[in-house]
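For reference, start_17.json (JSON, C-alpha atoms):
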```
[["chain", "number", "residue", "atom", "x", "y", "z"],
["A", 40, "MET", "CA", -23.41, 80.30, 115.47],
["A", 41, "PRO", "CA", -26.03, 77.94, 117.02],
["A", 42, "ARG", "CA", -27.79, 78.99, 120.18],
["A", 43, "GLN", "CA", -26.36, 77.49, 123.30],
["A", 44, "ARG", "CA", -28.70, 75.30, 125.30],
["A", 45, "THR", "CA", -29.79, 76.85, 128.55],
["A", 46, "ILE", "CA", -31.75, 73.84, 129.80],
["A", 47, "LEU", "CA", -29.54, 70.82, 130.22],
["A", 48, "ARG", "CA", -30.19, 67.17, 130.99],
["A", 49, "GLU", "CA", -29.54, 67.76, 134.69],
["A", 50, "ASN", "CA", -32.08, 70.61, 134.76],
["A", 51, "ILE", "CA", -34.70, 68.31, 133.25],
["A", 52, "LEU", "CA", -33.91, 65.53, 135.73],
["A", 53, "ASP", "CA", -34.01, 68.01, 138.64],
["A", 54, "ALA", "CA", -37.42, 69.24, 137.50],
["A", 55, "SER", "CA", -38.61, 65.65, 137.03],
["A", 56, "MET", "CA", -37.50, 64.77, 140.55],
["A", 57, "GLU", "CA", -39.22, 67.87, 141.92],
["A", 58, "LEU", "CA", -42.43, 66.88, 140.13],
["A", 59, "LEU", "CA", -42.20, 63.41, 141.69],
["A", 60, "ARG", "CA", -41.73, 65.06, 145.10],
["A", 61, "THR", "CA", -44.90, 67.09, 144.78],
["A", 62, "SER", "CA", -47.28, 64.86, 142.85],
["A", 63, "GLY", "CA", -45.70, 61.48, 142.16],
["A", 64, "PHE", "CA", -46.47, 60.03, 138.74],
["A", 65, "LYS", "CA", -50.06, 61.35, 138.69],
["A", 66, "GLN", "CA", -49.00, 64.41, 136.72],
["A", 67, "PHE", "CA", -45.71, 63.16, 135.29],
["A", 68, "THR", "CA", -45.90, 64.57, 131.78],
["A", 69, "ALA", "CA", -43.51, 66.53, 129.60],
["A", 70, "ARG", "CA", -45.84, 69.53, 129.92],
["A", 71, "GLN", "CA", -45.75, 69.44, 133.75],
["A", 72, "ILE", "CA", -41.97, 69.04, 133.77],
["A", 73, "ALA", "CA", -41.68, 71.98, 131.37],
["A", 74, "ILE", "CA", -43.87, 74.07, 133.67],
["A", 75, "LYS", "CA", -41.49, 73.28, 136.55],
["A", 76, "MET", "CA", -38.64, 74.60, 134.38],
["A", 77, "ASN", "CA", -40.58, 77.60, 133.02],
["A", 78, "SER", "CA", -40.01, 76.41, 129.47],
["A", 79, "SER", "CA", -41.64, 74.60, 126.60],
["A", 80, "THR", "CA", -41.39, 70.83, 126.17],
["A", 81, "GLN", "CA", -38.84, 71.27, 123.38],
["A", 82, "PRO", "CA", -35.73, 70.98, 125.61],
["A", 83, "ILE", "CA", -37.08, 67.75, 127.08],
["A", 84, "TYR", "CA", -37.50, 66.14, 123.66],
["A", 85, "LYS", "CA", -34.13, 67.44, 122.48],
["A", 86, "GLU", "CA", -32.48, 65.64, 125.39],
["A", 87, "PHE", "CA", -34.71, 62.53, 125.61],
["A", 88, "LYS", "CA", -36.27, 60.52, 122.75],
["A", 89, "ASN", "CA", -39.57, 60.14, 124.61],
["A", 90, "MET", "CA", -40.99, 59.93, 128.12],
["A", 91, "ASP", "CA", -39.82, 56.32, 128.53],
["A", 92, "ASP", "CA", -36.27, 57.46, 127.76],
["A", 93, "LEU", "CA", -36.68, 60.23, 130.36],
["A", 94, "LYS", "CA", -37.82, 57.64, 132.92],
["A", 95, "VAL", "CA", -34.69, 55.57, 132.23],
["A", 96, "GLY", "CA", -32.54, 58.64, 132.82],
["A", 97, "LEU", "CA", -34.56, 59.47, 135.91],
["A", 98, "LEU", "CA", -34.05, 55.95, 137.27],
["A", 99, "ASP", "CA", -30.27, 56.42, 137.12],
["A", 100, "TYR", "CA", -30.63, 59.88, 138.65],
["A", 101, "ILE", "CA", -32.70, 58.45, 141.52],
["A", 102, "LYS", "CA", -30.14, 55.70, 142.13],
["A", 103, "GLN", "CA", -27.43, 58.32, 142.42],
["A", 104, "TYR", "CA", -29.59, 60.32, 144.83],
["A", 105, "LEU", "CA", -30.31, 57.25, 146.96],
["A", 106, "ALA", "CA", -26.65, 56.18, 146.94],
["A", 107, "GLU", "CA", -25.47, 59.56, 148.17],
["A", 108, "GLU", "CA", -28.30, 60.72, 150.43],
["A", 109, "ILE", "CA", -29.81, 57.54, 151.87],
["A", 110, "PHE", "CA", -27.38, 54.64, 151.55],
["A", 111, "MET", "CA", -24.27, 56.83, 151.87],
["A", 112, "VAL", "CA", -22.25, 54.38, 149.78],
["A", 113, "ASN", "CA", -19.18, 56.63, 149.60],
["A", 114, "ASN", "CA", -19.21, 57.52, 153.29],
["A", 115, "PRO", "CA", -16.85, 55.35, 155.34],
["A", 116, "GLN", "CA", -18.71, 56.35, 158.52],
["A", 117, "SER", "CA", -22.05, 54.95, 157.31],
["A", 118, "ASP", "CA", -23.41, 52.04, 159.29],
["A", 119, "LEU", "CA", -26.43, 49.76, 159.05],
["A", 120, "THR", "CA", -28.37, 51.55, 161.78],
["A", 121, "SER", "CA", -27.92, 55.03, 160.35],
["A", 122, "VAL", "CA", -28.74, 53.91, 156.80],
["A", 123, "CYS", "CA", -31.92, 52.13, 157.89],
["A", 124, "LYS", "CA", -32.88, 55.19, 159.92],
["A", 125, "LYS", "CA", -32.23, 57.50, 156.93],
["A", 126, "TYR", "CA", -34.37, 55.22, 154.75],
["A", 127, "ILE", "CA", -37.34, 55.47, 157.12],
["A", 128, "LEU", "CA", -36.79, 59.22, 157.62],
["A", 129, "PHE", "CA", -36.77, 59.59, 153.84],
["A", 130, "ALA", "CA", -40.20, 57.91, 153.76],
["A", 131, "LYS", "CA", -41.41, 60.25, 156.52],
["A", 132, "GLU", "CA", -40.02, 63.47, 155.06],
["A", 133, "GLU", "CA", -40.66, 62.72, 151.38],
["A", 134, "PRO", "CA", -43.70, 60.41, 151.37],
["A", 135, "THR", "CA", -44.81, 61.27, 147.83],
["A", 136, "LEU", "CA", -41.33, 60.77, 146.40],
["A", 137, "PHE", "CA", -40.78, 57.59, 148.42],
["A", 138, "SER", "CA", -44.11, 56.20, 147.20],
["A", 139, "ALA", "CA", -43.37, 57.14, 143.59],
["A", 140, "ILE", "CA", -39.96, 55.50, 143.74],
["A", 141, "PHE", "CA", -40.72, 52.32, 145.66],
["A", 142, "MET", "CA", -44.46, 51.72, 145.42],
["A", 143, "ASP", "CA", -45.49, 52.98, 141.98],
["A", 144, "ARG", "CA", -45.23, 50.80, 138.91],
["A", 145, "GLU", "CA", -44.02, 53.60, 136.63],
["A", 146, "LEU", "CA", -40.35, 53.08, 137.41],
["A", 147, "GLN", "CA", -38.48, 49.83, 137.59],
["A", 148, "ALA", "CA", -39.19, 49.30, 141.29],
["A", 149, "VAL", "CA", -37.59, 45.84, 141.09],
["A", 150, "GLU", "CA", -34.35, 47.46, 139.93],
["A", 151, "LEU", "CA", -34.52, 50.01, 142.76],
["A", 152, "HIS", "CA", -35.12, 47.27, 145.33],
["A", 153, "ALA", "CA", -32.14, 45.33, 143.94],
["A", 154, "PHE", "CA", -30.10, 48.52, 144.20],
["A", 155, "SER", "CA", -31.20, 48.91, 147.84],
["A", 156, "TYR", "CA", -30.33, 45.29, 148.61],
["A", 157, "LYS", "CA", -26.86, 45.75, 147.14],
["A", 158, "ALA", "CA", -26.23, 48.84, 149.26],
["A", 159, "ILE", "CA", -27.37, 47.07, 152.43],
["A", 160, "LYS", "CA", -25.25, 44.00, 151.56],
["A", 161, "GLY", "CA", -22.17, 46.20, 151.54],
["A", 162, "LEU", "CA", -22.99, 47.34, 155.05],
["A", 163, "LEU", "CA", -23.52, 43.76, 156.23],
["A", 164, "ASN", "CA", -20.04, 42.94, 154.98],
["A", 165, "LYS", "CA", -18.49, 45.93, 156.70],
["A", 166, "GLU", "CA", -20.41, 45.98, 159.96],
["A", 167, "LEU", "CA", -21.44, 42.43, 160.76],
["A", 168, "ASN", "CA", -18.63, 40.70, 158.89],
["A", 169, "VAL", "CA", -21.08, 38.64, 156.86],
["A", 170, "TRP", "CA", -19.29, 37.80, 153.62],
["A", 171, "ASP", "CA", -20.97, 34.62, 152.49],
["A", 172, "ASP", "CA", -23.61, 35.43, 149.85],
["A", 173, "GLU", "CA", -26.05, 32.82, 151.13],
["A", 174, "LYS", "CA", -25.78, 34.07, 154.72],
["A", 175, "GLN", "CA", -26.15, 37.68, 153.55],
["A", 176, "GLN", "CA", -29.31, 36.76, 151.67],
["A", 177, "GLU", "CA", -30.73, 34.96, 154.71],
["A", 178, "LEU", "CA", -30.12, 38.01, 156.89],
["A", 179, "LEU", "CA", -31.47, 40.41, 154.26],
["A", 180, "ASP", "CA", -34.58, 38.28, 153.81],
["A", 181, "ILE", "CA", -35.38, 38.92, 157.48],
["A", 182, "LEU", "CA", -34.15, 42.50, 157.89],
["A", 183, "TRP", "CA", -35.06, 44.36, 154.73],
["A", 184, "PRO", "CA", -38.77, 43.48, 154.47],
["A", 185, "VAL", "CA", -39.23, 44.77, 158.03],
["A", 186, "ILE", "CA", -37.31, 48.03, 157.43],
["A", 187, "HIS", "CA", -39.02, 48.59, 154.08],
["A", 188, "GLY", "CA", -42.41, 47.72, 155.56],
["A", 189, "VAL", "CA", -41.99, 50.25, 158.36],
["A", 190, "ALA", "CA", -40.88, 52.86, 155.80],
["A", 191, "MET", "CA", -43.97, 52.17, 153.66],
["A", 192, "LEU", "CA", -46.28, 52.48, 156.65],
["A", 193, "VAL", "CA", -44.57, 55.72, 157.66],
["A", 194, "ALA", "CA", -44.89, 57.09, 154.09],
["A", 195, "GLN", "CA", -48.60, 56.23, 154.10],
["A", 196, "GLY", "CA", -49.11, 57.93, 157.46],
["A", 197, "GLN", "CA", -50.08, 54.67, 159.18],
["A", 198, "LEU", "CA", -47.16, 54.98, 161.61],
["A", 199, "ALA", "CA", -46.22, 58.37, 163.02],
["A", 200, "TYR", "CA", -42.80, 58.22, 164.63],
["A", 201, "ASN", "CA", -40.53, 61.08, 165.54],
["A", 202, "GLU", "CA", -36.81, 60.83, 164.79],
["A", 203, "GLU", "CA", -35.94, 59.40, 168.21],
["A", 204, "GLU", "CA", -38.65, 56.73, 167.92],
["A", 205, "ILE", "CA", -37.38, 55.82, 164.46],
["A", 206, "SER", "CA", -33.87, 55.40, 165.89],
["A", 207, "GLN", "CA", -35.20, 53.16, 168.65],
["A", 208, "LYS", "CA", -37.34, 51.08, 166.23],
["A", 209, "VAL", "CA", -34.45, 50.63, 163.81],
["A", 210, "GLN", "CA", -32.10, 49.51, 166.57],
["A", 211, "ALA", "CA", -34.72, 47.09, 167.92],
["A", 212, "ILE", "CA", -35.35, 45.68, 164.43],
["A", 213, "ILE", "CA", -31.62, 45.19, 163.77],
["A", 214, "ASP", "CA", -31.07, 43.62, 167.21],
["A", 215, "MET", "CA", -34.00, 41.22, 166.86],
["A", 216, "THR", "CA", -33.15, 40.39, 163.26],
["A", 217, "THR", "CA", -29.52, 39.58, 163.98],
["A", 218, "LYS", "CA", -30.52, 37.55, 167.05],
["A", 219, "LEU", "CA", -33.02, 35.54, 164.99],
["A", 220, "TRP", "CA", -30.54, 35.15, 162.15],
["A", 221, "ASN", "CA", -27.75, 34.01, 164.52],
["A", 222, "LYS", "CA", -30.08, 31.28, 165.85],
["A", 223, "GLN", "CA", -30.78, 30.10, 162.30],
["A", 224, "VAL", "CA", -27.10, 30.09, 161.34],
["A", 225, "GLN", "CA", -26.00, 28.01, 164.34]]
```
Can you give me the file's structure in the form of structure tokens?
Amino acid sequence: MPRQRTILRENILDASMELLRTSGFKQFTARQIAIKMNSSTQPIYKEFKNMDDLKVGLLDYIKQYLAEEIFMVNNPQSDLTSVCKKYILFAKEEPTLFSAIFMDRELQAVELHAFSYKAIKGLLNKELNVWDDEKQQELLDILWPVIHGVAMLVAQGQLAYNEEEISQKVQAIIDMTTKLWNKQVQ
């Protein structure tokens, strides 16, 4: 009877995510992931063809994490303000992970930004009743670079806001953005 695997795909992805949390892609190797799991590299290469294959799996894993924890796509109570606030808080609380995901070139950052845009578009539909794709894009082109820019500056330690200040900044950004966008639409 063959031995049953004790380290599964999810364990490897969890360890990979934990490694990103602590050191980004600087030490992202099979050996370092194995150390996080207290194992050899063998389970990693049984589950993934190579490190590029692992990164593809990790990209999907990260999307799922972002969908559930940041963009709250399955939560009917989620709103634009709370999602933008969670995004900036994520950058504040997990700066290494945020930087690895959105600012490093190891993962498909373009795909993650497109994923983020799609999540925010859904909120624009629900909250601001903006259904036209062109109008959504116009609003997103104003709003998202500002929110993402603030998050990047927070992750880099250039801006040091507490949670209340983040809430106030997000609300001000959304208010100013929608006001500017409404002027352009009229």
Inset, instruction - Choose the residue, out of A:Glu108, A:Glu177, A:Asp91, A:Glu86, that has the smallest atom-to-atom separation from Leu163 in chain A; count all atoms listed in the file. - result: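 Ranked by minimum distance to Leu163 in chain A, first place goes to A:Glu177.
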Inset, instruction - Identify which of the residues A:Val185, A:Ala54, A:Leu192, A:Val169 lies closest to Ala73 in chain A, counting all atoms listed in the file when measuring atom-to-atom distances. - result: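 Using all atoms listed in the file, Ala73 in chain A sits closest to A:Ala54.
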Legend entry - Polymer residues at most 7 Å from range 117-123 of chain A, all atoms listed in the file, same-chain spacing of 2 or more positions, as JSON, numbers by chain: {"A": [109, 110, 111, 114, 115, 125, 126, 127, 162, 166, 186, 209, 210]}
Legend entry - 9 Å contact set for Arg48 in chain A, all atoms listed in the file, chain neighbours under 5 positions out, as a PyMOL selection string: chain A and resi 53+82-83+86-87
Could you please take those selected residues and save C-alpha atoms as an mmCIF file, in the frame of the given file?
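Heads up, here's the output in selection-v7.cif:
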```
data_model
loop_
_atom_site.group_PDB
_atom_site.id
_atom_site.type_symbol
_atom_site.label_atom_id
_atom_site.label_comp_id
_atom_site.auth_asym_id
_atom_site.auth_seq_id
_atom_site.Cartn_x
_atom_site.Cartn_y
_atom_site.Cartn_z
ATOM 1 C CA ASP A 53 -34.010 68.010 138.640
ATOM 2 C CA PRO A 82 -35.730 70.980 125.610
ATOM 3 C CA ILE A 83 -37.080 67.750 127.080
ATOM 4 C CA GLU A 86 -32.480 65.640 125.390
ATOM 5 C CA PHE A 87 -34.710 62.530 125.610
#
```
Inset, instruction - Rounded to one decimal place, report the CA of Gln116 in chain A-CA of Tyr156 in chain A distance in Å. - result: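 Taking CA of Gln116 in chain A and CA of Tyr156 in chain A, their separation equals 18.9 Å.
Note that CA of Ser138 in chain A and CA of Gln175 in chain A are 26.6 Å apart.
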Six-sided padding of 4 Å per side, axis-aligned box over range 134-148 of chain A, centre and edges in Å, one decimal, as JSON:
```
{"center_x": -42.0, "center_y": 55.3, "center_z": 144.0, "size_x": 15.0, "size_y": 20.0, "size_z": 22.7}
```
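Across the model, the gap from CA of Ser155 in chain A to CA of Lys222 in chain A is 25.2 Å.
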Legend entry - Nearest to Ala199 in chain A by atom-to-atom distance, counting all atoms listed in the file, from A:Arg70, A:Lys131, A:Lys65, A:Arg60: A:Lys131
